[in-house]
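These notes are about the structure you will find just below.
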2 protein chains.
Amino acid sequence: MNSFNFYSPTEFVFGKDRENECGKYVKKYGGTKALILYGGGSAVRSGLVGRVKASLEEYSIEYTELGGVQPNPRDDLVYKGIDLCRAEGTDFILAVGGGSVIDTAKAIAIGVPYEGDFWDFYSGKHAEKALPVGTVLTIAAAGSEGSGDSVITKIDGMLKRGTGSDVLRPKFSVLDPALTQTLPAYQTAAGATDIMAHVFERYFTNTKEVEITDRLCEAVLMTMVKEVPRVIADPDNYDARANIMWAGMVAHNNIVGVGRDQDWNSHGIEHELSALYDCAHGAGLAVIMPAWMEFVYKHDVMRFAQAAVRIWGCKMNFADPEATAVEGIHRFRAFLHSIGMPINFEELGAKEEDIPALVDKFGLGDGRTGGFVHLSSDDVAEIYRIAVRAKL
Amino acid sequence: MNSFNFYSPTEFVFGKDRENECGKYVKKYGGTKALILYGGGSAVRSGLVGRVKASLEEYSIEYTELGGVQPNPRDDLVYKGIDLCRAEGTDFILAVGGGSVIDTAKAIAIGVPYEGDFWDFYSGKHAEKALPVGTVLTIAAAGSEGSGDSVITKIDGMLKRGTGSDVLRPKFSVLDPALTQTLPAYQTAAGATDIMAHVFERYFTNTKEVEITDRLCEAVLMTMVKEVPRVIADPDNYDARANIMWAGMVAHNNIVGVGRDQDWNSHGIEHELSALYDCAHGAGLAVIMPAWMEFVYKHDVMRFAQAAVRIWGCKMNFADPEATAVEGIHRFRAFLHSIGMPINFEELGAKEEDIPALVDKFGLGDGRTGGFVHLSSDDVAEIYRIAVRAKL
């Protein structure tokens with residue numbers, strides 16, 4: 001096992017109707033003038049933003065609001081939010097939404113106290129200071145509610161880039177599974193795929209002797225395999241939603257990933273798809289991650305066989321472990337298909353002829369990525385091509 | 001799943017030689033005058049306390065020291081520590097040791113700023129204020145390095161009682177698996193038993209629909225089943241020690257126990273044994289927990305069968321699920337025996353004739369406990385009697 005630091009100071013406030021307490025937590029963590037940030041109109045129409053406002057009023061917290069965060073959130077709204085916070089003297093950002101809203105909140109939070117361009121932090125600079133952020137989560141997916149990470153797309157060049165710092169970890173996150181019951185099935189499934197991908201990015205590692213995190217990763221994945229089909233079949237299943245929501249946090253606050261090298265190439269390769277086609281990140285991952293697995297599995301057949309046996313319940317083929325490894329990958333793709341996710345370029349709405357442009361944007365040049373298998377530009381192109389031809 | 005709050009703000013500093021950084025973390029969390037607290041002489045003789053002092057000096061942190069914390073730590077040293085801290089103007093408690101040292105540090109930490117008797121907090125009062133505590137852990141066992149809990153024994157009446165508050169969660173905890181390599185096998189095994197018991201206390205629940213925490217609990221337990229025999233056979237196995245050390249934290253910071261009712265009767269029943277005989281808490285649990293399981297399993301045969309199949313790899317007996325449930329309990333006891341733990345009163349050094357006194361001290365009277373099965377005094381007596389007769 002590698003050495004590591006693990007720090008996850010967010011207070012998680014989990015359960016039905018807990019968003020009605022968010023004023024209490026903004027106050028507890030020092031907020032007096034909040035910016036309420038949200039996405040489309042559904043958070044307003046559903047009454048959620050109204051309930052959040054009522055809770056802030058109950059604790060005498062002033063607020064302004066800013067809506068309009070899009071999926072694959074963009075830098076223009078970040079600049080708008082920074083200006084608004086400075087004008088209003090905002091001292092707390094309250095994100096009401098999913099990963100896009102929370103990531104935007106984090107970007108605003110580091111931008112407000114910084115004299116330069118917030119994009120510096122998405123170009124390699126490390127954030128040391130930020131306004132406090134709280135969240136009211138509306139979809140189990142990104143894990144941003146418990147992480148110090150944020151991903152933003154720069155409209156100029158459609159560059160999708162991330163940043164990470166412990167100062168970006170939310171002070172509190174309200175996780176009410178009931179808020180996710182009204183999500184369309186496609187969004188629920190895309191979120192679930194993102195959660196599973198967060199775990200697989202950690203699971204496929206070259207670090208030896210990591211039984212505890214292997215088992216914790218498998219625990220999250222087995223939970224998803226059980227619970228996701230239940231919520232696709234019955235969107236109102238609160239308990240299955242609750243299991244998925246906690247799994248989504250555990251998948252990405254890194255408690256299951258400490259002490260081991262991680263991969264993250266599938267996320268990088270997918271980001272070019274969602275930047276170009278504006279597709280759901282999780283849907284892009286459903287297409288890319290099994291393709292990545294098919295490309296890399298020979299690097300460590302026994303690790304893929306372990307995943308097949310422990311997560312998917314495959315029988316170990318002792319005469320041909322590779323067959324077991326491949327069966328596990330097929331099971332993953334079949335699972336994604338069963339919950340309504342695309343499994344190839346065509347189903348996603350991506351085009352084979354864009355592959356050179358995607359690879360170019362990925363920006364490796366003659367270099368290689370880090371991770372489980374160090375990929376060249378040619379390798380990335382081949383992964384996209386596997387994703388073109390993929391079928392059940 | 002139940003509603004819950006989860007808050008685990010401790011920074012974990014994990015890996016070989018990381019204790020040499022503890023000065024940096026004391027400073028980071030505001031300490032300027034530290035009390036270094038430790039147990040017997042081994043922490044001094046091994047050079048660990050010297051390395052800790054050198055690190056504090058490197059960061060210009062003043063310190064005093066207090067040794068002599070005993071296993072099943074007692075109130076007399078807490079009072080001594082409180083007086084010392086007040087006299088010295090201490091603003092940070094640094095515990096160098098295992099659960100007993102950390103629990104004593106927490107007791108001192110709440111006692112210093114409190115005008116009354118610190119024991120009030122171990123008699124039901126909730127702590128709202130405490131000096132900051134940091135830890136350098138020397139045994140994987142109690143989980144106190146990541147929890148807000150503390151257990152102290154009052155010499156007058158040998159009352160072993162606990163308290164819990166988020167203000168008692170350590171600011172940082174250094175987890176260096178190499179520090180545990182010199183532990184005697186018996187202490188290693190007793191610590192491992194405590195870790196497994198912390199998970200089982202959470203696992204046996206009446207709360208339905210808790211797949212994510214079921215799976216996370218099972219992940220920790222399967223890790224222990226794999227790794228503990230390896231360190232008993234080879235004490236210097238750093239990687240197995242590392243897996244156990246992180247498992248020990250995960251087992252007790254409650255990330256695997258949120259959203260579900262928990263039991264904790266085995267811990268309570270054991271506390272009377274270690275209070276009376278001064279045996280290792282983990283050794284007492286090795287005797288009590290399987291006995292408790294045998295007494296209660298009929299309350300939910302399928303949950304015990306699930307444990308047997310998922311943790312111990314038993315084959316499900318579909319014609320007789322109870323046989324599977326019982327097989328799982330036997331596998332647990334056999335495992336404890338295999339790592340050198342006592343499995344009955346005689347092996348522990350406890351006496352059947354003391355059962356009435358143990359039950360009396362447990363203090364139920366005509367009442368019942370909470371938990372998975374609500375126990376009466378007669379039930380507790382029967383669990384002790386099962387522990388008298390237990391054999392492989």
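Letters A, B, ... go to the chains of the structure tokens in the order shown; residues in each chain start at 1; ligands are counted from 1 in the same order.
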Worksheet entry | Contacts of region 103-113 of chain A at 7 Å (only C-alpha atoms; same-chain gap of 2+ positions) as a list in words | Leu37, Pro73, Val78, Gly81, Ile82, Cys85, Arg86, Ile93, Ala95, Gly99, Ser100, Val101, Glu115, Phe118, Ala127, Lys129, Ala130, Leu131, Pro132, Val133, Ser144, Ser150, Val151 and Leu168 of chain A
Mind fitting chain A onto chain B over all Cα atoms in sequence order and sending the result as a compact mmCIF listing (two decimals) with C-alpha atoms, in the first residue's frame?
```txt
# COMPACT_ATOMS: atom_id res chain seq x y z
CA MET A 1 -32.22 3.32 5.61
CA ASN A 2 -32.44 5.69 8.58
CA SER A 3 -31.60 9.39 8.40
CA PHE A 4 -28.22 10.33 9.83
CA ASN A 5 -25.42 12.87 10.07
CA PHE A 6 -21.88 11.76 9.28
CA TYR A 7 -18.93 13.94 10.17
CA SER A 8 -15.36 12.65 10.21
CA PRO A 9 -13.05 15.66 9.93
CA THR A 10 -9.85 13.96 11.10
CA GLU A 11 -6.88 14.26 8.76
CA PHE A 12 -5.32 10.80 8.45
CA VAL A 13 -1.58 10.78 7.79
CA PHE A 14 -0.84 7.24 6.72
CA GLY A 15 2.41 5.47 5.95
CA LYS A 16 5.86 4.48 7.06
CA ASP A 17 7.77 7.06 9.16
CA ARG A 18 4.94 9.58 8.99
CA GLU A 19 5.25 10.12 12.79
CA ASN A 20 8.26 12.23 11.93
CA GLU A 21 5.81 14.79 10.54
CA CYS A 22 3.65 15.15 13.63
CA GLY A 23 5.11 18.54 14.55
CA LYS A 24 3.86 19.88 11.23
CA TYR A 25 0.32 18.70 11.99
CA VAL A 26 0.26 19.91 15.61
CA LYS A 27 1.20 23.32 14.23
CA LYS A 28 -1.34 23.11 11.39
CA TYR A 29 -4.11 22.48 13.92
CA GLY A 30 -3.14 25.32 16.20
CA GLY A 31 -1.00 23.65 18.88
CA THR A 32 1.84 25.65 20.48
CA LYS A 33 2.21 23.83 23.84
CA ALA A 34 1.55 20.11 23.62
CA LEU A 35 1.12 17.37 26.18
CA ILE A 36 2.68 14.15 24.88
CA LEU A 37 0.74 11.29 26.46
CA TYR A 38 1.84 7.68 26.30
CA GLY A 39 1.49 4.34 28.04
CA GLY A 40 4.20 1.99 29.21
CA GLY A 41 7.88 2.36 28.62
CA SER A 42 7.93 0.68 25.20
CA ALA A 43 6.97 3.87 23.38
CA VAL A 44 10.00 5.52 24.99
CA ARG A 45 12.40 2.56 24.67
CA SER A 46 11.55 2.03 21.02
CA GLY A 47 12.58 5.62 20.31
CA LEU A 48 9.09 6.59 19.14
CA VAL A 49 8.53 9.27 21.79
CA GLY A 50 11.98 10.64 21.00
CA ARG A 51 11.13 10.94 17.31
CA VAL A 52 7.85 12.65 18.18
CA LYS A 53 9.70 15.14 20.40
CA ALA A 54 12.22 15.83 17.65
CA SER A 55 9.40 16.57 15.24
CA LEU A 56 7.74 18.96 17.71
CA GLU A 57 11.05 20.72 18.27
CA GLU A 58 11.51 21.10 14.54
CA TYR A 59 8.28 23.13 14.50
CA SER A 60 9.11 25.03 17.72
CA ILE A 61 6.28 23.45 19.66
CA GLU A 62 6.81 23.31 23.42
CA TYR A 63 5.81 20.13 25.21
CA THR A 64 5.48 18.36 28.49
CA GLU A 65 4.98 14.63 28.76
CA LEU A 66 2.95 12.18 30.79
CA GLY A 67 3.41 8.42 30.66
CA GLY A 68 1.82 5.52 32.45
CA VAL A 69 -1.54 5.07 30.75
CA GLN A 70 -2.64 1.49 31.47
CA PRO A 71 -4.80 -0.82 29.36
CA ASN A 72 -8.43 -0.30 30.41
CA PRO A 73 -7.34 3.25 31.28
CA ARG A 74 -8.35 4.74 34.60
CA ASP A 75 -9.61 8.03 35.87
CA ASP A 76 -6.66 8.76 38.15
CA LEU A 77 -4.33 9.49 35.25
CA VAL A 78 -7.02 11.64 33.63
CA TYR A 79 -7.14 13.87 36.72
CA LYS A 80 -3.35 14.02 36.74
CA GLY A 81 -3.32 15.01 33.07
CA ILE A 82 -5.94 17.71 33.55
CA ASP A 83 -3.95 19.25 36.40
CA LEU A 84 -0.74 19.11 34.39
CA CYS A 85 -2.32 20.75 31.33
CA ARG A 86 -3.79 23.55 33.43
CA ALA A 87 -0.47 24.15 35.16
CA GLU A 88 1.44 24.19 31.89
CA GLY A 89 -1.06 26.10 29.74
CA THR A 90 -1.23 23.17 27.32
CA ASP A 91 -3.28 23.81 24.17
CA PHE A 92 -2.91 20.48 22.35
CA ILE A 93 -2.94 16.84 23.48
CA LEU A 94 -0.82 14.45 21.45
CA ALA A 95 -1.59 10.80 22.18
CA VAL A 96 1.21 8.36 21.29
CA GLY A 97 -0.18 4.86 21.71
CA GLY A 98 -3.27 2.74 21.25
CA GLY A 99 -6.90 3.11 22.22
CA SER A 100 -6.20 3.45 25.94
CA VAL A 101 -3.82 6.36 25.43
CA ILE A 102 -6.10 8.05 22.90
CA ASP A 103 -9.17 7.60 25.10
CA THR A 104 -7.26 9.10 28.03
CA ALA A 105 -6.15 12.01 25.83
CA LYS A 106 -9.78 12.69 24.91
CA ALA A 107 -10.83 12.57 28.56
CA ILE A 108 -8.13 15.08 29.47
CA ALA A 109 -9.13 17.21 26.48
CA ILE A 110 -12.72 17.62 27.68
CA GLY A 111 -11.67 17.92 31.32
CA VAL A 112 -9.25 20.84 30.93
CA PRO A 113 -11.79 23.49 29.83
CA TYR A 114 -14.57 22.12 32.12
CA GLU A 115 -15.03 23.45 35.64
CA GLY A 116 -16.74 20.35 37.02
CA ASP A 117 -15.61 16.72 37.25
CA PHE A 118 -14.66 15.24 33.84
CA TRP A 119 -16.52 12.06 34.89
CA ASP A 120 -19.79 13.96 34.28
CA PHE A 121 -19.21 13.33 30.56
CA TYR A 122 -18.92 9.58 31.26
CA SER A 123 -22.21 9.71 33.17
CA GLY A 124 -24.39 11.09 30.41
CA LYS A 125 -23.34 14.73 29.88
CA HIS A 126 -22.57 15.70 26.27
CA ALA A 127 -19.24 17.38 25.56
CA GLU A 128 -19.41 20.65 23.60
CA LYS A 129 -15.84 21.83 24.09
CA ALA A 130 -12.43 20.17 24.23
CA LEU A 131 -8.76 20.85 23.62
CA PRO A 132 -7.64 19.62 20.19
CA VAL A 133 -6.25 16.08 20.15
CA GLY A 134 -3.83 14.47 17.70
CA THR A 135 -2.71 10.85 17.70
CA VAL A 136 0.23 8.68 16.70
CA LEU A 137 -1.34 5.23 16.63
CA THR A 138 0.68 2.18 17.71
CA ILE A 139 -1.93 -0.60 17.44
CA ALA A 140 -4.81 -1.24 15.04
CA ALA A 141 -7.71 -1.94 17.35
CA ALA A 142 -9.92 0.58 19.08
CA GLY A 143 -10.61 2.88 16.16
CA SER A 144 -10.32 5.77 18.61
CA GLU A 145 -7.97 7.48 16.11
CA GLY A 146 -10.97 8.26 13.91
CA SER A 147 -13.87 8.31 16.34
CA GLY A 148 -15.36 10.78 18.78
CA ASP A 149 -15.60 8.12 21.46
CA SER A 150 -13.66 7.46 24.66
CA VAL A 151 -13.97 4.75 27.34
CA ILE A 152 -12.53 5.24 30.85
CA THR A 153 -12.65 3.11 34.02
CA LYS A 154 -13.47 4.82 37.33
CA ILE A 155 -11.35 3.13 39.97
CA ASP A 156 -13.99 3.71 42.64
CA GLY A 157 -16.30 0.78 41.83
CA MET A 158 -14.32 -0.19 38.70
CA LEU A 159 -16.99 1.36 36.47
CA LYS A 160 -16.04 1.21 32.78
CA ARG A 161 -18.05 3.87 30.94
CA GLY A 162 -17.93 5.75 27.65
CA THR A 163 -18.67 9.14 26.16
CA GLY A 164 -19.00 10.40 22.60
CA SER A 165 -18.96 13.80 20.88
CA ASP A 166 -17.78 15.21 17.57
CA VAL A 167 -15.54 17.61 19.50
CA LEU A 168 -13.49 14.56 20.55
CA ARG A 169 -12.63 13.54 17.00
CA PRO A 170 -8.86 13.90 16.58
CA LYS A 171 -7.64 16.78 14.40
CA PHE A 172 -5.12 14.43 12.86
CA SER A 173 -4.04 10.84 13.31
CA VAL A 174 -0.72 9.44 12.17
CA LEU A 175 -1.14 5.81 11.10
CA ASP A 176 2.23 4.16 10.52
CA PRO A 177 1.71 0.41 10.05
CA ALA A 178 5.41 -0.23 10.74
CA LEU A 179 4.87 0.86 14.37
CA THR A 180 2.61 -2.17 14.85
CA GLN A 181 5.19 -4.70 13.65
CA THR A 182 6.77 -5.03 17.09
CA LEU A 183 3.51 -5.86 18.89
CA PRO A 184 3.25 -9.27 20.56
CA ALA A 185 1.01 -11.64 18.57
CA TYR A 186 -1.57 -11.69 21.36
CA GLN A 187 -2.01 -7.91 21.27
CA THR A 188 -2.16 -7.92 17.49
CA ALA A 189 -4.89 -10.57 17.59
CA ALA A 190 -6.83 -8.83 20.37
CA GLY A 191 -6.75 -5.61 18.37
CA ALA A 192 -7.96 -7.42 15.27
CA THR A 193 -10.81 -8.95 17.26
CA ASP A 194 -11.84 -5.50 18.48
CA ILE A 195 -11.91 -4.26 14.86
CA MET A 196 -14.08 -7.16 13.74
CA ALA A 197 -16.38 -6.64 16.73
CA HIS A 198 -16.82 -2.96 15.82
CA VAL A 199 -18.11 -4.05 12.46
CA PHE A 200 -20.34 -6.85 13.75
CA GLU A 201 -21.91 -4.47 16.31
CA ARG A 202 -23.07 -2.44 13.29
CA TYR A 203 -23.80 -5.36 11.00
CA PHE A 204 -26.47 -7.04 13.12
CA THR A 205 -29.32 -4.59 12.75
CA ASN A 206 -33.07 -4.54 12.43
CA THR A 207 -32.91 -1.74 9.86
CA LYS A 208 -33.96 -2.96 6.43
CA GLU A 209 -32.59 -1.94 3.02
CA VAL A 210 -29.01 -1.17 4.01
CA GLU A 211 -27.12 -2.85 1.17
CA ILE A 212 -24.36 -0.23 0.93
CA THR A 213 -23.39 -0.45 4.61
CA ASP A 214 -23.88 -4.24 4.65
CA ARG A 215 -21.41 -4.52 1.79
CA LEU A 216 -18.95 -2.06 3.34
CA CYS A 217 -19.08 -3.98 6.64
CA GLU A 218 -18.44 -7.23 4.81
CA ALA A 219 -15.53 -5.61 2.96
CA VAL A 220 -13.80 -4.78 6.23
CA LEU A 221 -14.47 -8.22 7.70
CA MET A 222 -13.25 -10.11 4.61
CA THR A 223 -10.08 -8.01 4.71
CA MET A 224 -9.50 -9.01 8.32
CA VAL A 225 -10.12 -12.69 7.53
CA LYS A 226 -7.44 -12.50 4.86
CA GLU A 227 -4.85 -10.26 6.53
CA VAL A 228 -4.84 -11.14 10.24
CA PRO A 229 -3.48 -14.70 9.83
CA ARG A 230 -0.73 -13.23 7.64
CA VAL A 231 0.53 -10.88 10.38
CA ILE A 232 0.24 -13.57 13.04
CA ALA A 233 2.44 -15.78 10.83
CA ASP A 234 4.75 -12.92 9.81
CA PRO A 235 4.69 -9.92 12.19
CA ASP A 236 6.88 -7.89 9.84
CA ASN A 237 4.43 -8.00 6.94
CA TYR A 238 4.04 -4.26 6.42
CA ASP A 239 1.38 -4.51 3.73
CA ALA A 240 -0.89 -6.79 5.72
CA ARG A 241 -0.38 -4.49 8.73
CA ALA A 242 -1.33 -1.52 6.51
CA ASN A 243 -4.54 -3.16 5.32
CA ILE A 244 -5.51 -3.97 8.90
CA MET A 245 -4.69 -0.46 10.09
CA TRP A 246 -6.92 1.25 7.53
CA ALA A 247 -9.61 -1.38 8.14
CA GLY A 248 -9.47 -0.51 11.83
CA MET A 249 -10.18 3.14 11.14
CA VAL A 250 -12.93 2.42 8.60
CA ALA A 251 -14.51 -0.04 11.06
CA HIS A 252 -15.15 2.62 13.65
CA ASN A 253 -15.40 6.13 12.19
CA ASN A 254 -18.94 4.96 11.35
CA ILE A 255 -18.83 5.26 7.56
CA VAL A 256 -19.87 1.58 7.46
CA GLY A 257 -22.53 2.02 10.14
CA VAL A 258 -24.52 5.11 9.18
CA GLY A 259 -28.25 4.89 8.55
CA ARG A 260 -28.78 1.68 10.51
CA ASP A 261 -29.62 0.79 14.09
CA GLN A 262 -26.61 -0.74 15.81
CA ASP A 263 -26.25 -3.24 18.63
CA TRP A 264 -23.26 -2.75 21.01
CA ASN A 265 -24.46 -5.23 23.61
CA SER A 266 -21.37 -7.43 23.18
CA HIS A 267 -19.19 -4.42 23.98
CA GLY A 268 -21.21 -3.66 27.08
CA ILE A 269 -21.17 -7.26 28.25
CA GLU A 270 -17.43 -7.49 27.60
CA HIS A 271 -16.65 -4.25 29.46
CA GLU A 272 -17.64 -5.94 32.71
CA LEU A 273 -15.09 -8.69 32.03
CA SER A 274 -12.18 -6.35 31.30
CA ALA A 275 -13.18 -4.14 34.25
CA LEU A 276 -13.16 -7.13 36.63
CA TYR A 277 -10.25 -9.18 35.26
CA ASP A 278 -8.25 -6.42 33.53
CA CYS A 279 -8.05 -8.65 30.46
CA ALA A 280 -7.51 -7.25 26.95
CA HIS A 281 -10.79 -5.84 25.62
CA GLY A 282 -10.34 -7.72 22.35
CA ALA A 283 -9.74 -10.99 24.15
CA GLY A 284 -12.93 -10.48 26.14
CA LEU A 285 -14.80 -9.79 22.90
CA ALA A 286 -13.44 -13.04 21.42
CA VAL A 287 -15.19 -14.86 24.25
CA ILE A 288 -18.39 -12.80 24.37
CA MET A 289 -19.27 -11.97 20.79
CA PRO A 290 -19.71 -15.51 19.40
CA ALA A 291 -21.67 -16.36 22.58
CA TRP A 292 -23.91 -13.33 21.96
CA MET A 293 -24.36 -14.50 18.36
CA GLU A 294 -25.42 -17.97 19.48
CA PHE A 295 -27.92 -16.43 21.87
CA VAL A 296 -29.52 -14.04 19.35
CA TYR A 297 -29.21 -15.58 15.87
CA LYS A 298 -32.74 -16.97 15.77
CA HIS A 299 -34.00 -13.38 15.86
CA ASP A 300 -32.91 -13.05 12.19
CA VAL A 301 -31.61 -16.30 10.77
CA MET A 302 -31.27 -14.92 7.24
CA ARG A 303 -29.03 -12.05 8.35
CA PHE A 304 -26.72 -14.55 10.05
CA ALA A 305 -26.86 -16.78 6.98
CA GLN A 306 -25.91 -13.76 4.84
CA ALA A 307 -22.90 -13.15 7.09
CA ALA A 308 -21.91 -16.82 6.85
CA VAL A 309 -22.08 -16.86 3.06
CA ARG A 310 -20.68 -13.43 2.28
CA ILE A 311 -17.97 -13.12 4.93
CA TRP A 312 -16.97 -16.69 5.68
CA GLY A 313 -17.66 -18.18 2.26
CA CYS A 314 -20.04 -20.84 3.62
CA LYS A 315 -22.31 -22.57 1.13
CA MET A 316 -25.93 -21.57 1.64
CA ASN A 317 -27.98 -24.48 2.93
CA PHE A 318 -31.30 -23.65 1.29
CA ALA A 319 -33.08 -26.55 3.01
CA ASP A 320 -31.83 -25.43 6.42
CA PRO A 321 -30.75 -21.76 6.55
CA GLU A 322 -30.30 -22.03 10.30
CA ALA A 323 -27.49 -24.51 9.73
CA THR A 324 -25.73 -21.93 7.58
CA ALA A 325 -26.25 -19.23 10.21
CA VAL A 326 -24.75 -21.45 12.91
CA GLU A 327 -21.88 -22.48 10.64
CA GLY A 328 -20.95 -18.80 10.23
CA ILE A 329 -20.80 -18.32 14.00
CA HIS A 330 -18.63 -21.43 14.36
CA ARG A 331 -16.34 -20.15 11.63
CA PHE A 332 -15.93 -16.87 13.51
CA ARG A 333 -15.04 -18.67 16.75
CA ALA A 334 -12.65 -21.01 14.97
CA PHE A 335 -11.00 -18.00 13.32
CA LEU A 336 -10.53 -16.29 16.69
CA HIS A 337 -9.02 -19.48 18.09
CA SER A 338 -6.71 -19.78 15.08
CA ILE A 339 -5.24 -16.32 15.73
CA GLY A 340 -4.60 -17.18 19.37
CA MET A 341 -7.60 -15.65 21.09
CA PRO A 342 -9.42 -17.25 24.04
CA ILE A 343 -12.86 -18.59 23.22
CA ASN A 344 -14.27 -19.34 26.69
CA PHE A 345 -14.16 -18.13 30.28
CA GLU A 346 -11.40 -20.51 31.30
CA GLU A 347 -9.06 -19.49 28.50
CA LEU A 348 -9.72 -15.83 29.33
CA GLY A 349 -9.15 -16.33 33.04
CA ALA A 350 -12.76 -15.55 33.96
CA LYS A 351 -14.82 -17.49 36.48
CA GLU A 352 -18.33 -18.87 36.17
CA GLU A 353 -19.07 -18.03 39.82
CA ASP A 354 -18.57 -14.33 39.04
CA ILE A 355 -21.50 -14.27 36.60
CA PRO A 356 -24.03 -12.92 39.14
CA ALA A 357 -21.63 -10.11 40.03
CA LEU A 358 -20.95 -9.37 36.34
CA VAL A 359 -24.67 -9.21 35.60
CA ASP A 360 -25.25 -7.03 38.63
CA LYS A 361 -22.51 -4.62 37.52
CA PHE A 362 -23.97 -4.53 34.02
CA GLY A 363 -26.80 -2.81 35.85
CA LEU A 364 -29.93 -3.68 33.88
CA GLY A 365 -32.01 -4.59 36.91
CA ASP A 366 -35.47 -5.42 35.63
CA GLY A 367 -34.89 -3.43 32.44
CA ARG A 368 -33.68 -4.38 29.01
CA THR A 369 -30.93 -3.17 26.70
CA GLY A 370 -31.57 -1.64 23.31
CA GLY A 371 -30.03 -3.06 20.16
CA PHE A 372 -30.61 -5.96 17.79
CA VAL A 373 -32.23 -8.07 20.52
CA HIS A 374 -33.32 -6.32 23.72
CA LEU A 375 -31.62 -8.26 26.48
CA SER A 376 -32.75 -8.75 30.08
CA SER A 377 -30.42 -9.50 33.00
CA ASP A 378 -31.31 -13.19 32.60
CA ASP A 379 -30.33 -13.01 28.92
CA VAL A 380 -26.99 -11.43 29.80
CA ALA A 381 -26.37 -14.15 32.36
CA GLU A 382 -27.13 -16.80 29.74
CA ILE A 383 -24.69 -15.17 27.29
CA TYR A 384 -21.98 -15.35 29.96
CA ARG A 385 -22.89 -19.03 30.56
CA ILE A 386 -22.66 -19.77 26.82
CA ALA A 387 -19.21 -18.18 26.98
CA VAL A 388 -18.29 -20.49 29.87
CA ARG A 389 -19.15 -23.66 27.90
CA ALA A 390 -17.91 -22.51 24.49
CA LYS A 391 -15.51 -24.82 22.67
CA LEU A 392 -14.56 -25.56 19.09
```
Discussion item. Can you tell me, as an MDAnalysis selection string, which residues in region 80-180 of chain A count as strand (DSSP E) by DSSP?
Written reply: chainID A and resid 92:97 133:137 149:154 159:164 172:175
Restricting it to C-alpha atoms, dump the selection as a PDB file, in the first residue's frame.
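Dumped everything to result_38.pdb:
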```pdb
ATOM      1  CA  PHE A  92     -21.133  31.381   1.481  1.00  0.00           C
ATOM      2  CA  ILE A  93     -22.032  29.519  -1.722  1.00  0.00           C
ATOM      3  CA  LEU A  94     -24.954  27.127  -1.489  1.00  0.00           C
ATOM      4  CA  ALA A  95     -25.192  24.786  -4.479  1.00  0.00           C
ATOM      5  CA  VAL A  96     -28.650  23.286  -5.067  1.00  0.00           C
ATOM      6  CA  GLY A  97     -28.291  20.675  -7.783  1.00  0.00           C
ATOM      7  CA  VAL A 133     -19.465  25.882  -0.039  1.00  0.00           C
ATOM      8  CA  GLY A 134     -22.496  23.867   1.044  1.00  0.00           C
ATOM      9  CA  THR A 135     -24.600  21.618  -1.170  1.00  0.00           C
ATOM     10  CA  VAL A 136     -28.127  20.280  -1.487  1.00  0.00           C
ATOM     11  CA  LEU A 137     -27.639  17.335  -3.817  1.00  0.00           C
ATOM     12  CA  ASP A 149     -12.706  18.385  -7.158  1.00  0.00           C
ATOM     13  CA  SER A 150     -14.392  20.534  -9.800  1.00  0.00           C
ATOM     14  CA  VAL A 151     -14.580  20.245 -13.606  1.00  0.00           C
ATOM     15  CA  ILE A 152     -15.435  23.265 -15.796  1.00  0.00           C
ATOM     16  CA  THR A 153     -15.583  23.754 -19.583  1.00  0.00           C
ATOM     17  CA  LYS A 154     -13.947  26.855 -21.079  1.00  0.00           C
ATOM     18  CA  LEU A 159     -11.692  22.831 -23.034  1.00  0.00           C
ATOM     19  CA  LYS A 160     -13.042  20.625 -20.224  1.00  0.00           C
ATOM     20  CA  ARG A 161     -10.564  20.753 -17.340  1.00  0.00           C
ATOM     21  CA  GLY A 162     -10.497  20.006 -13.622  1.00  0.00           C
ATOM     22  CA  THR A 163      -8.982  21.248 -10.386  1.00  0.00           C
ATOM     23  CA  GLY A 164      -8.689  19.754  -6.916  1.00  0.00           C
ATOM     24  CA  PHE A 172     -21.809  20.352   4.550  1.00  0.00           C
ATOM     25  CA  SER A 173     -23.816  18.405   2.018  1.00  0.00           C
ATOM     26  CA  VAL A 174     -27.505  17.636   2.337  1.00  0.00           C
ATOM     27  CA  LEU A 175     -28.264  14.256   0.771  1.00  0.00           C
TER      28      LEU A 175
END
```
Discussion item. Let's see if you can do this: from backbone DSSP, list all helix (DSSP H, G or I) residues in region 105-230 of chain B, as a PyMOL selection string.
Written reply: chain B and resi 105-111+118-123+166-168+177-180+185-203+211-230
